[in-house]
>>> print(open('model-v5.tsv').read())   # TSV, C-alpha atoms
chain	number	residue	atom	x	y	z
A	1	MET	CA	-76.66	-19.44	5.70
A	2	GLU	CA	-75.29	-18.93	2.22
A	3	THR	CA	-72.44	-16.51	1.67
A	4	TYR	CA	-72.64	-14.28	-1.38
A	5	LEU	CA	-70.01	-12.53	-3.45
A	6	LEU	CA	-71.46	-10.07	-5.94
A	7	ILE	CA	-69.00	-9.05	-8.61
A	8	ALA	CA	-69.67	-5.59	-10.04
A	9	SER	CA	-67.72	-5.22	-13.27
A	10	ARG	CA	-69.37	-2.17	-14.80
A	11	ASP	CA	-69.47	1.43	-13.71
A	12	PRO	CA	-72.77	2.96	-12.60
A	13	PHE	CA	-72.41	5.86	-15.05
A	14	THR	CA	-72.93	3.68	-18.11
A	15	ALA	CA	-74.69	0.68	-16.59
A	16	ARG	CA	-77.79	1.95	-14.81
A	17	ASP	CA	-78.64	-1.49	-13.50
A	18	MET	CA	-75.68	-1.51	-11.13
A	19	ASP	CA	-78.00	0.03	-8.54
A	20	GLY	CA	-79.82	-3.30	-8.68
A	21	VAL	CA	-76.61	-5.08	-7.73
A	22	TYR	CA	-76.10	-2.83	-4.74
A	23	ASP	CA	-79.77	-3.27	-3.74
A	24	LEU	CA	-79.39	-7.04	-4.02
A	25	ALA	CA	-76.40	-6.90	-1.70
A	26	ALA	CA	-78.37	-4.93	0.86
A	27	SER	CA	-81.36	-7.28	0.61
A	28	LEU	CA	-79.26	-10.37	1.08
A	29	ALA	CA	-77.48	-8.83	4.05
A	30	ALA	CA	-80.80	-7.83	5.58
A	31	ARG	CA	-81.78	-11.50	5.44
A	32	GLY	CA	-78.68	-12.42	7.36
A	33	HIS	CA	-76.43	-13.62	4.54
A	34	PRO	CA	-72.75	-12.65	4.66
A	35	VAL	CA	-72.25	-10.50	1.57
A	36	THR	CA	-69.28	-9.01	-0.21
A	37	VAL	CA	-69.41	-6.65	-3.17
A	38	PHE	CA	-66.30	-7.05	-5.31
A	39	LEU	CA	-65.55	-4.28	-7.80
A	40	VAL	CA	-63.52	-5.25	-10.86
A	41	GLN	CA	-62.78	-3.71	-14.26
A	42	ASN	CA	-64.78	-0.51	-14.66
A	43	GLY	CA	-66.71	-1.34	-11.50
A	44	VAL	CA	-63.85	0.25	-9.56
A	45	LEU	CA	-64.70	3.65	-11.04
A	46	ALA	CA	-67.52	3.79	-8.51
A	47	ALA	CA	-65.05	3.29	-5.67
A	48	ARG	CA	-63.48	6.73	-6.00
A	49	ARG	CA	-64.14	9.43	-3.45
A	50	ILE	CA	-66.97	10.97	-5.49
A	51	PRO	CA	-70.72	11.45	-4.92
A	52	ALA	CA	-71.48	8.38	-7.05
A	53	ALA	CA	-69.74	6.25	-4.42
A	54	GLU	CA	-72.50	6.95	-1.89
A	55	PRO	CA	-74.39	3.67	-2.56
A	56	LEU	CA	-71.20	1.73	-1.92
A	57	THR	CA	-70.19	3.66	1.18
A	58	ARG	CA	-73.72	3.10	2.48
A	59	LEU	CA	-73.28	-0.64	1.98
A	60	ALA	CA	-69.94	-0.52	3.77
A	61	ARG	CA	-71.46	1.37	6.71
A	62	SER	CA	-74.11	-1.35	6.99
A	63	GLY	CA	-71.41	-3.98	7.43
A	64	ILE	CA	-71.14	-5.31	3.88
A	65	ALA	CA	-67.57	-5.73	2.69
A	66	VAL	CA	-66.92	-3.61	-0.40
A	67	LEU	CA	-63.68	-4.46	-2.14
A	68	ALA	CA	-62.00	-2.88	-5.16
A	69	GLU	CA	-59.69	-5.07	-7.20
A	70	GLU	CA	-56.11	-3.86	-7.06
A	71	PHE	CA	-55.18	-4.54	-10.69
A	72	SER	CA	-58.29	-2.77	-11.99
A	73	LEU	CA	-57.46	0.23	-9.83
A	74	ARG	CA	-53.88	0.38	-11.14
A	75	GLU	CA	-55.06	0.06	-14.76
A	76	ARG	CA	-57.27	3.10	-14.25
A	77	GLY	CA	-54.76	5.14	-12.27
A	78	ILE	CA	-56.86	5.17	-9.13
A	79	ALA	CA	-54.66	5.47	-6.06
A	80	THR	CA	-55.76	3.47	-3.07
A	81	ASP	CA	-55.71	6.58	-0.89
A	82	ARG	CA	-58.36	8.08	-3.17
A	83	LEU	CA	-61.01	5.47	-2.46
A	84	ALA	CA	-64.32	6.31	-0.86
A	85	THR	CA	-64.80	5.69	2.83
A	86	GLY	CA	-65.23	2.06	3.76
A	87	ILE	CA	-63.95	0.60	0.49
A	88	ARG	CA	-60.93	-1.67	0.78
A	89	THR	CA	-58.73	-3.29	-1.83
A	90	ALA	CA	-58.21	-6.95	-2.65
A	91	ASP	CA	-56.60	-8.97	-5.37
A	92	LEU	CA	-58.47	-11.19	-7.79
A	93	GLY	CA	-57.54	-14.24	-5.78
A	94	TYR	CA	-60.22	-13.19	-3.32
A	95	VAL	CA	-62.82	-14.34	-5.85
A	96	VAL	CA	-61.12	-17.71	-6.24
A	97	ASP	CA	-60.96	-18.15	-2.48
A	98	ALA	CA	-64.66	-17.33	-2.20
A	99	LEU	CA	-65.48	-19.90	-4.86
A	100	ALA	CA	-63.33	-22.49	-3.12
A	101	ASP	CA	-65.08	-21.73	0.17
A	102	GLY	CA	-68.47	-22.39	-1.42
A	103	ALA	CA	-69.78	-18.85	-1.73
A	104	ARG	CA	-72.46	-18.09	-4.28
A	105	VAL	CA	-70.62	-15.85	-6.70
A	106	LEU	CA	-72.61	-13.76	-9.16
A	107	TRP	CA	-71.02	-11.77	-11.95
A	108	ASN	CA	-72.63	-8.52	-13.03
B	1	MET	CA	-52.08	-23.98	0.67
B	2	ALA	CA	-55.88	-24.08	0.70
B	3	GLN	CA	-57.67	-27.39	0.28
B	4	ARG	CA	-57.65	-28.45	-3.37
B	5	LYS	CA	-60.97	-27.86	-5.07
B	6	THR	CA	-62.33	-28.16	-8.60
B	7	LEU	CA	-63.73	-24.91	-9.96
B	8	THR	CA	-65.69	-24.42	-13.16
B	9	PHE	CA	-65.79	-21.25	-15.23
B	10	ALA	CA	-68.25	-20.64	-18.05
B	11	LEU	CA	-67.10	-18.05	-20.56
B	12	MET	CA	-69.00	-16.36	-23.36
B	13	ASP	CA	-66.97	-13.41	-24.60
B	14	PRO	CA	-64.87	-13.53	-27.76
B	15	PRO	CA	-61.27	-12.34	-27.52
B	16	PHE	CA	-60.30	-8.69	-27.99
B	17	GLU	CA	-63.84	-7.39	-27.34
B	18	SER	CA	-64.15	-7.16	-23.57
B	19	ALA	CA	-62.09	-6.91	-20.43
B	20	ARG	CA	-64.08	-9.91	-19.23
B	21	SER	CA	-61.92	-12.20	-21.35
B	22	THR	CA	-58.74	-10.98	-19.67
B	23	THR	CA	-60.26	-11.11	-16.20
B	24	ALA	CA	-61.49	-14.65	-16.84
B	25	LEU	CA	-58.01	-15.81	-17.79
B	26	ARG	CA	-56.61	-14.06	-14.71
B	27	LEU	CA	-59.16	-15.88	-12.55
B	28	ILE	CA	-58.18	-19.21	-14.06
B	29	ASP	CA	-54.52	-18.37	-13.46
B	30	ALA	CA	-55.27	-17.44	-9.85
B	31	ALA	CA	-57.18	-20.68	-9.33
B	32	LEU	CA	-54.29	-22.75	-10.67
B	33	ARG	CA	-51.76	-20.82	-8.56
B	34	ARG	CA	-53.88	-21.67	-5.53
B	35	GLY	CA	-53.67	-25.33	-6.42
B	36	HIS	CA	-57.18	-25.92	-7.69
B	37	HIS	CA	-58.27	-27.99	-10.65
B	38	VAL	CA	-60.13	-25.96	-13.25
B	39	ASN	CA	-62.81	-26.73	-15.80
B	40	VAL	CA	-63.62	-24.22	-18.49
B	41	PHE	CA	-66.73	-24.37	-20.64
B	42	ALA	CA	-66.27	-21.88	-23.44
B	43	TYR	CA	-69.36	-21.14	-25.49
B	44	GLU	CA	-70.72	-18.47	-27.79
B	45	GLY	CA	-67.86	-16.14	-28.77
B	46	ALA	CA	-65.51	-17.62	-26.19
B	47	VAL	CA	-64.87	-20.57	-28.51
B	48	HIS	CA	-62.59	-18.15	-30.37
B	49	LEU	CA	-60.27	-17.81	-27.37
B	50	ALA	CA	-58.30	-20.96	-28.15
B	51	PHE	CA	-58.55	-20.76	-31.93
B	52	ALA	CA	-55.31	-22.12	-33.34
B	53	HIS	CA	-55.03	-19.67	-36.24
B	54	GLN	CA	-54.84	-16.42	-34.29
B	55	GLN	CA	-51.95	-14.42	-35.69
B	56	PRO	CA	-50.06	-11.40	-34.38
B	57	HIS	CA	-49.51	-8.32	-36.49
B	58	ALA	CA	-47.11	-5.41	-36.71
B	59	ASN	CA	-48.09	-1.85	-35.83
B	60	ALA	CA	-47.56	0.43	-38.79
B	61	VAL	CA	-49.08	3.43	-37.01
B	62	HIS	CA	-46.41	3.34	-34.32
B	63	GLY	CA	-43.73	1.97	-36.57
B	64	ARG	CA	-43.27	-1.31	-34.77
B	65	SER	CA	-42.35	-4.50	-36.52
B	66	LEU	CA	-44.01	-7.79	-35.81
B	67	GLU	CA	-41.30	-8.63	-33.33
B	68	GLU	CA	-41.30	-5.22	-31.70
B	69	GLU	CA	-45.09	-5.17	-31.34
B	70	ASP	CA	-45.04	-8.60	-29.70
B	71	HIS	CA	-48.80	-8.75	-30.03
B	72	PRO	CA	-50.29	-10.99	-27.33
B	73	LEU	CA	-52.69	-13.72	-28.36
B	74	PRO	CA	-55.29	-15.45	-26.16
B	75	ARG	CA	-54.32	-18.85	-27.56
B	76	GLN	CA	-50.83	-18.28	-26.17
B	77	TRP	CA	-52.18	-17.31	-22.78
B	78	ILE	CA	-54.33	-20.44	-22.69
B	79	ALA	CA	-51.35	-22.55	-23.68
B	80	ALA	CA	-49.39	-20.97	-20.83
B	81	LEU	CA	-52.19	-21.82	-18.42
B	82	GLN	CA	-52.17	-25.39	-19.67
B	83	ALA	CA	-48.42	-25.59	-19.09
B	84	ALA	CA	-48.78	-24.14	-15.61
B	85	ALA	CA	-51.48	-26.65	-14.76
B	86	GLU	CA	-49.40	-29.54	-16.01
B	87	ALA	CA	-46.32	-28.38	-14.12
B	88	ALA	CA	-48.36	-28.21	-10.93
B	89	GLY	CA	-50.01	-31.57	-11.45
B	90	LEU	CA	-53.39	-29.92	-11.88
B	91	ARG	CA	-56.18	-30.47	-14.32
B	92	LEU	CA	-57.25	-27.71	-16.71
B	93	ASP	CA	-60.05	-29.17	-18.77
B	94	TRP	CA	-60.99	-26.65	-21.46
B	95	VAL	CA	-64.07	-27.54	-23.46
B	96	ASN	CA	-65.43	-25.59	-26.42
B	97	CYS	CA	-69.14	-25.93	-27.11
B	98	GLY	CA	-69.28	-27.76	-30.42
B	99	LEU	CA	-72.49	-26.06	-31.47
B	100	CYS	CA	-70.89	-22.65	-31.06
B	101	VAL	CA	-67.71	-23.85	-32.77
B	102	ASP	CA	-69.66	-24.99	-35.81
B	103	GLU	CA	-71.65	-21.77	-36.06
B	104	ARG	CA	-68.46	-19.74	-36.05
B	105	GLY	CA	-66.27	-22.05	-38.09
B	106	VAL	CA	-63.50	-22.16	-35.51
B	107	GLY	CA	-63.03	-25.88	-35.35
B	108	GLU	CA	-59.25	-25.78	-35.01
B	109	SER	CA	-58.19	-25.10	-31.47
B	110	ILE	CA	-54.82	-25.38	-29.80
B	111	ALA	CA	-53.80	-28.75	-28.44
B	112	GLY	CA	-55.41	-29.70	-25.17
B	113	VAL	CA	-58.68	-27.89	-25.86
B	114	ARG	CA	-61.45	-30.32	-26.67
B	115	ARG	CA	-64.79	-30.13	-28.37
B	116	GLY	CA	-67.83	-30.81	-26.27
B	117	GLY	CA	-71.31	-29.52	-25.62
B	118	PRO	CA	-73.80	-28.41	-23.01
B	119	PRO	CA	-73.83	-31.85	-21.32
B	120	ASP	CA	-70.18	-31.25	-20.47
B	121	PHE	CA	-71.10	-28.03	-18.72
B	122	ALA	CA	-73.83	-29.79	-16.79
B	123	ARG	CA	-71.36	-32.46	-15.75
B	124	PHE	CA	-68.78	-29.84	-14.77
B	125	VAL	CA	-71.33	-28.10	-12.56
B	126	GLN	CA	-72.37	-31.32	-10.91
B	127	GLU	CA	-68.86	-32.59	-10.32
B	128	SER	CA	-67.05	-29.40	-9.32
B	129	ASP	CA	-67.07	-27.59	-6.00
B	130	ASN	CA	-68.29	-24.32	-7.43
B	131	THR	CA	-69.06	-22.61	-10.71
B	132	LEU	CA	-68.76	-19.05	-11.94
B	133	VAL	CA	-70.60	-17.97	-15.07
B	134	ILE	CA	-69.21	-14.82	-16.65
B	135	PRO	CA	-72.01	-13.56	-18.87
B	136	VAL	CA	-71.90	-11.12	-21.72
B	137	ARG	CA	-73.19	-7.79	-20.44
B	138	ASP	CA	-73.04	-4.42	-22.13
>>> encode(input="model-v5.tsv", output="structure tokens")
Amino acid sequence: METYLLIASRDPFTARDMDGVYDLAASLAARGHPVTVFLVQNGVLAARRIPAAEPLTRLARSGIAVLAEEFSLRERGIATDRLATGIRTADLGYVVDALADGARVLWN
Amino acid sequence: MAQRKTLTFALMDPPFESARSTTALRLIDAALRRGHHVNVFAYEGAVHLAFAHQQPHANAVHGRSLEEEDHPLPRQWIAALQAAAEAAGLRLDWVNCGLCVDERGVGESIAGVRRGGPPDFARFVQESDNTLVIPVRD
């Protein structure tokens, strides 16, 4: 079973197709694939404890790992204790490790 | 240290226009620090990343001289990645798409960056353990 890492680099306020990324994550997980959503750059704006984080917290509740990149958070002044429920932090090396482990990594 | 792999990155963005360029270089750095060989296929605007004639500038608005501004340049970052790869005994094979180079007139790249084409990317994909394409998206 293929493992997927979906990189979400844009915020859902300006990129309306990010909902498609979240839906893809849910669909893949429903088919039994291990899935991680990795937020980087402005993608981490959706990780804040705000109503717009609901799609991501829903993914996290369903068992999908939702990670926000630490450097992107620091750049944007987002403290890690201000993240929405279920969202954890990781450094960019997580993406490299996923590639090295053979995951299918898609950049959005 | 994790098992050594060969990872390929395909880049499209020109420098100074998107955070994707910086993130891409950070990914390449992370891959090298983890002991992996790296291939880079730079096409479209990304062929500007290693352009040899990038120049820094002063900042008259903030009153900083050339030295004080210390303007970073992507060609310097790529050179630093090359040095890091060499020091670690790793391969960083950076290929610019020749078609894209010709279109943009950026034929002079820093040392260690070579001219190639789409067949190089196909070969990279076939011969590496994994590939990440970082597309241009607005």
>>> closest_atom_pairs(input="model-v5.tsv", of="chain B", to="chain A", cutoff="9 Å", atoms="only C-alpha atoms", output="tab-separated table")
residue	atom	partner	partner_atom	distance
B:Ala2	CA	A:Asp97	CA	8.4
B:Gln3	CA	A:Ala100	CA	8.2
B:Arg4	CA	A:Ala100	CA	8.2
B:Lys5	CA	A:Ala100	CA	6.2
B:Thr6	CA	A:Ala100	CA	7.9
B:Leu7	CA	A:Ala100	CA	7.3
B:Ala19	CA	A:Gln41	CA	7.0
B:Arg20	CA	A:Gln41	CA	8.1
B:Thr23	CA	A:Gln41	CA	8.1
B:Arg26	CA	A:Leu92	CA	7.7
B:Leu27	CA	A:Leu92	CA	6.7
B:Ile28	CA	A:Val96	CA	8.5
B:Ala30	CA	A:Gly93	CA	5.7
B:Ala31	CA	A:Val96	CA	5.8
B:Arg34	CA	A:Val96	CA	8.3
B:His36	CA	A:Ala100	CA	8.4
B:Asp129	CA	A:Ala100	CA	6.9
B:Asn130	CA	A:Leu99	CA	5.8
B:Thr131	CA	A:Leu99	CA	7.4
B:Leu132	CA	A:Val105	CA	6.4
B:Val133	CA	A:Trp107	CA	7.0
B:Ile134	CA	A:Trp107	CA	5.9
B:Pro135	CA	A:Trp107	CA	7.2
B:Arg137	CA	A:Asn108	CA	7.5
B:Asp138	CA	A:Ala15	CA	7.7
>>> atom_distance(input="model-v5.tsv", atom1="CA of Ala65 (chain A)", atom2="CA of Thr8 (chain B)")
24.6 Å
>>> atom_distance(input="model-v5.tsv", atom1="CA of His57 (chain B)", atom2="CA of Arg104 (chain B)")
22.1 Å
>>> residues_around(input="model-v5.tsv", residues="region 30-32 of chain A", least_positions_apart="4", cutoff="10 Å", atoms="all atoms listed in the file", output="count of residues only")
7
>>> closest_residue(input="model-v5.tsv", among="B:Leu32, B:Leu11, B:Leu66, B:Ala46", to="Ser109 (chain B)", atoms="all atoms listed in the file")
B:Ala46
>>> atom_distance(input="model-v5.tsv", atom1="CA of Arg61 (chain A)", atom2="CA of Arg74 (chain A)")
25.1 Å
>>> residues_near_point(input="model-v5.tsv", point="(-68.9, -8.5, 2.5)", cutoff="10 Å", atoms="all atoms listed in the file", output="list in words")
Thr3, Tyr4, Leu5, Leu6, Ala25, Ala29, His33, Pro34, Val35, Thr36, Val37, Phe38, Leu59, Ala60, Ser62, Gly63, Ile64, Ala65, Val66 and Leu67 of chain A
>>> axis_aligned_box(input="model-v5.tsv", around="region 15-33 of chain B", padding_each_side="3 Å", output="JSON")
{"center_x": -58.0, "center_y": -14.8, "center_z": -18.3, "size_x": 18.4, "size_y": 21.8, "size_z": 25.4}
>>> residues_around(input="model-v5.tsv", residues="region 80-94 of chain B", least_positions_apart="5", cutoff="8 Å", atoms="only C-alpha atoms", output="PyMOL selection string")
chain B and resi 28-29+32+35-42+112-114
>>> residues_near_point(input="model-v5.tsv", point="(-67.2, -23.4, -34.7)", cutoff="12 Å", atoms="only C-alpha atoms", output="PyMOL selection string")
chain B and resi 42-51+96-109+115-117
>>> build_atoms(input="model-v5.tsv", residues="region 63-95 of chain B", atoms="N, CA and C atoms", output="mmCIF file, keeping the file's coordinate frame")
data_model
loop_
_atom_site.group_PDB
_atom_site.id
_atom_site.type_symbol
_atom_site.label_atom_id
_atom_site.label_comp_id
_atom_site.auth_asym_id
_atom_site.auth_seq_id
_atom_site.Cartn_x
_atom_site.Cartn_y
_atom_site.Cartn_z
ATOM 1 N N GLY B 63 -45.010 2.351 -35.995
ATOM 2 C CA GLY B 63 -43.730 1.970 -36.570
ATOM 3 C C GLY B 63 -43.060 0.790 -35.908
ATOM 4 N N ARG B 64 -43.858 -0.128 -35.419
ATOM 5 C CA ARG B 64 -43.270 -1.310 -34.770
ATOM 6 C C ARG B 64 -43.421 -2.531 -35.671
ATOM 7 N N SER B 65 -42.338 -3.260 -35.747
ATOM 8 C CA SER B 65 -42.350 -4.500 -36.520
ATOM 9 C C SER B 65 -43.139 -5.557 -35.779
ATOM 10 N N LEU B 66 -43.299 -6.678 -36.444
ATOM 11 C CA LEU B 66 -44.010 -7.790 -35.810
ATOM 12 C C LEU B 66 -43.337 -8.160 -34.493
ATOM 13 N N GLU B 67 -42.023 -8.225 -34.540
ATOM 14 C CA GLU B 67 -41.300 -8.630 -33.330
ATOM 15 C C GLU B 67 -41.384 -7.550 -32.252
ATOM 16 N N GLU B 68 -41.268 -6.323 -32.668
ATOM 17 C CA GLU B 68 -41.300 -5.220 -31.700
ATOM 18 C C GLU B 68 -42.687 -5.086 -31.055
ATOM 19 N N GLU B 69 -43.715 -5.282 -31.853
ATOM 20 C CA GLU B 69 -45.090 -5.170 -31.340
ATOM 21 C C GLU B 69 -45.378 -6.283 -30.347
ATOM 22 N N ASP B 70 -44.870 -7.465 -30.631
ATOM 23 C CA ASP B 70 -45.040 -8.600 -29.700
ATOM 24 C C ASP B 70 -46.513 -8.713 -29.275
ATOM 25 N N HIS B 71 -47.349 -8.753 -30.265
ATOM 26 C CA HIS B 71 -48.800 -8.750 -30.030
ATOM 27 C C HIS B 71 -49.220 -9.992 -29.247
ATOM 28 N N PRO B 72 -49.864 -9.814 -28.099
ATOM 29 C CA PRO B 72 -50.290 -10.990 -27.330
ATOM 30 C C PRO B 72 -51.502 -11.662 -27.964
ATOM 31 N N LEU B 73 -51.573 -12.961 -27.811
ATOM 32 C CA LEU B 73 -52.690 -13.720 -28.360
ATOM 33 C C LEU B 73 -53.322 -14.587 -27.281
ATOM 34 N N PRO B 74 -54.645 -14.626 -27.191
ATOM 35 C CA PRO B 74 -55.290 -15.450 -26.160
ATOM 36 C C PRO B 74 -54.897 -16.921 -26.249
ATOM 37 N N ARG B 75 -54.696 -17.430 -27.455
ATOM 38 C CA ARG B 75 -54.320 -18.850 -27.560
ATOM 39 C C ARG B 75 -52.994 -19.108 -26.854
ATOM 40 N N GLN B 76 -52.113 -18.123 -26.855
ATOM 41 C CA GLN B 76 -50.830 -18.280 -26.170
ATOM 42 C C GLN B 76 -51.020 -18.243 -24.654
ATOM 43 N N TRP B 77 -51.913 -17.381 -24.213
ATOM 44 C CA TRP B 77 -52.180 -17.310 -22.780
ATOM 45 C C TRP B 77 -52.788 -18.624 -22.283
ATOM 46 N N ILE B 78 -53.702 -19.169 -23.088
ATOM 47 C CA ILE B 78 -54.330 -20.440 -22.690
ATOM 48 C C ILE B 78 -53.290 -21.550 -22.677
ATOM 49 N N ALA B 79 -52.415 -21.554 -23.660
ATOM 50 C CA ALA B 79 -51.350 -22.550 -23.680
ATOM 51 C C ALA B 79 -50.465 -22.422 -22.445
ATOM 52 N N ALA B 80 -50.208 -21.186 -22.025
ATOM 53 C CA ALA B 80 -49.390 -20.970 -20.830
ATOM 54 C C ALA B 80 -50.124 -21.483 -19.582
ATOM 55 N N LEU B 81 -51.424 -21.294 -19.545
ATOM 56 C CA LEU B 81 -52.190 -21.820 -18.420
ATOM 57 C C LEU B 81 -52.156 -23.346 -18.404
ATOM 58 N N GLN B 82 -52.254 -23.928 -19.589
ATOM 59 C CA GLN B 82 -52.170 -25.390 -19.670
ATOM 60 C C GLN B 82 -50.810 -25.878 -19.153
ATOM 61 N N ALA B 83 -49.759 -25.195 -19.539
ATOM 62 C CA ALA B 83 -48.420 -25.590 -19.090
ATOM 63 C C ALA B 83 -48.289 -25.444 -17.585
ATOM 64 N N ALA B 84 -48.840 -24.365 -17.060
ATOM 65 C CA ALA B 84 -48.780 -24.140 -15.610
ATOM 66 C C ALA B 84 -49.541 -25.223 -14.869
ATOM 67 N N ALA B 85 -50.688 -25.595 -15.402
ATOM 68 C CA ALA B 85 -51.480 -26.650 -14.760
ATOM 69 C C ALA B 85 -50.709 -27.968 -14.765
ATOM 70 N N GLU B 86 -50.138 -28.274 -15.913
ATOM 71 C CA GLU B 86 -49.400 -29.540 -16.010
ATOM 72 C C GLU B 86 -48.212 -29.557 -15.057
ATOM 73 N N ALA B 87 -47.497 -28.444 -14.991
ATOM 74 C CA ALA B 87 -46.320 -28.380 -14.120
ATOM 75 C C ALA B 87 -46.701 -28.554 -12.655
ATOM 76 N N ALA B 88 -47.903 -28.118 -12.314
ATOM 77 C CA ALA B 88 -48.360 -28.210 -10.930
ATOM 78 C C ALA B 88 -49.140 -29.479 -10.657
ATOM 79 N N GLY B 89 -49.252 -30.342 -11.643
ATOM 80 C CA GLY B 89 -50.010 -31.570 -11.450
ATOM 81 C C GLY B 89 -51.509 -31.337 -11.321
ATOM 82 N N LEU B 90 -51.978 -30.268 -11.958
ATOM 83 C CA LEU B 90 -53.390 -29.920 -11.880
ATOM 84 C C LEU B 90 -54.086 -30.181 -13.206
ATOM 85 N N ARG B 91 -55.371 -30.236 -13.138
ATOM 86 C CA ARG B 91 -56.180 -30.470 -14.320
ATOM 87 C C ARG B 91 -56.779 -29.155 -14.795
ATOM 88 N N LEU B 92 -56.556 -28.821 -16.052
ATOM 89 C CA LEU B 92 -57.250 -27.710 -16.710
ATOM 90 C C LEU B 92 -57.968 -28.314 -17.903
ATOM 91 N N ASP B 93 -59.244 -28.526 -17.745
ATOM 92 C CA ASP B 93 -60.050 -29.170 -18.770
ATOM 93 C C ASP B 93 -60.838 -28.083 -19.488
ATOM 94 N N TRP B 94 -60.392 -27.742 -20.682
ATOM 95 C CA TRP B 94 -60.990 -26.650 -21.460
ATOM 96 C C TRP B 94 -61.837 -27.254 -22.562
ATOM 97 N N VAL B 95 -63.123 -26.992 -22.488
ATOM 98 C CA VAL B 95 -64.070 -27.540 -23.460
ATOM 99 C C VAL B 95 -64.728 -26.404 -24.237
#
